[in-house]
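These notes are about the structure you will find just below.
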Amino acid sequence: MENEFASLYETVLDRYKNPEEGSYTSYLFSKGEKKILKKVGEECTEVVVASLSETKEDLINEFGDLFYHLMVLMVQKGISLEEVEAELNRRSGKKHNLKAERKPVTQY
């Protein structure tokens with residue numbers, strides 16, 4: 001799995017550095033951060049919807065879309081896979097880190 005993520009990240013990074021005509025990734029970078037953020041938000045919502053009402057295959061497809069768009073955002077923001085991995089490794093060492101539940105929203 002690690003190689004697939006690294007390979008995808010490297011492809012996204014290459015499209016950032018060397019835009020290609022007809023590339024969806026290059027298109028996203030050309031449209032800018034707001035477009036990328038919009039796509040990340042859309043894909044998050046699609047993961048939630050697929051989790052509730054679609055097949056496992058549909059959900060897997062939506063996870064793939066979300067991972068891809070997150071990597072586009074990571075490259076846009078100059079964040080490497082290694083930095084995210086380091087953060088996950090740091091967190092994996094924590095124990096008994098349960099946070100209190102948030103208070104319910106009572107005012108709109």
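FYI, nothing fancy with the structure tokens labels: chains A, B, ... in order, residues from 1 per chain, ligands from 1 as they appear.
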
Spatial neighbours of Thr45 in chain A, max dist 12 Å, only C-alpha atoms, sep filter under 4 positions, as a list in words: Lys38, Lys39, Val40, Gly41, Val49, Ala50, Ser51, Leu52, Leu59, Glu62, Phe63, Asp65 and Leu66 of chain A

One decimal, Å: what's the distance from CA of Lys31 in chain A over to CA of Thr11 in chain A, could you say?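 For CA of Lys31 in chain A relative to CA of Thr11 in chain A, the distance reads 18.1 Å.
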
I'd like the interatomic distance between CA of Phe29 in chain A and CA of Leu8 in chain A, to a tenth of an Å.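 Atom-to-atom, CA of Phe29 in chain A and CA of Leu8 in chain A are spaced 15.4 Å apart.
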
Between A:Ser23, A:Asn61, A:Met71, A:Leu88, single out the one closest to Ser7 in chain A, counting only C-alpha atoms. A:Met71

Nearest candidate to Lys77 in chain A (options A:Glu10, A:Glu42, A:Leu37, A:Glu21; using only C-alpha atoms): A:Leu37

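Of the residues under consideration (A:Val105, A:Leu13, A:Ile36, A:Ala6), A:Ile36 shows the shortest atom-to-atom contact distance to Leu73 in chain A when counting only C-alpha atoms.
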
Near Tyr27 in chain A, within 12 Å and counting only C-alpha atoms, which residues show up once chain neighbours fewer than 6 positions away are dropped, as a short mmCIF file (atom, residue, chain, number, x, y, z; two decimals) with C-alpha atoms, in the first residue's frame?
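Done, and the output landed in out11.cif:
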data_model
loop_
_atom_site.label_atom_id
_atom_site.label_comp_id
_atom_site.auth_asym_id
_atom_site.auth_seq_id
_atom_site.Cartn_x
_atom_site.Cartn_y
_atom_site.Cartn_z
CA VAL A 12 0.77 14.62 -8.34
CA ARG A 15 2.08 17.48 -12.44
CA TYR A 16 2.54 20.42 -10.07
CA ASN A 18 5.53 20.00 -14.87
CA PRO A 19 1.93 20.70 -15.89
CA GLU A 20 0.61 18.57 -18.73
CA GLU A 21 -2.08 19.53 -21.21
CA GLU A 33 -6.42 26.34 -3.92
CA LYS A 35 -10.94 24.66 -6.43
CA ILE A 36 -8.80 22.03 -4.72
CA VAL A 72 -3.32 17.31 -4.50
#
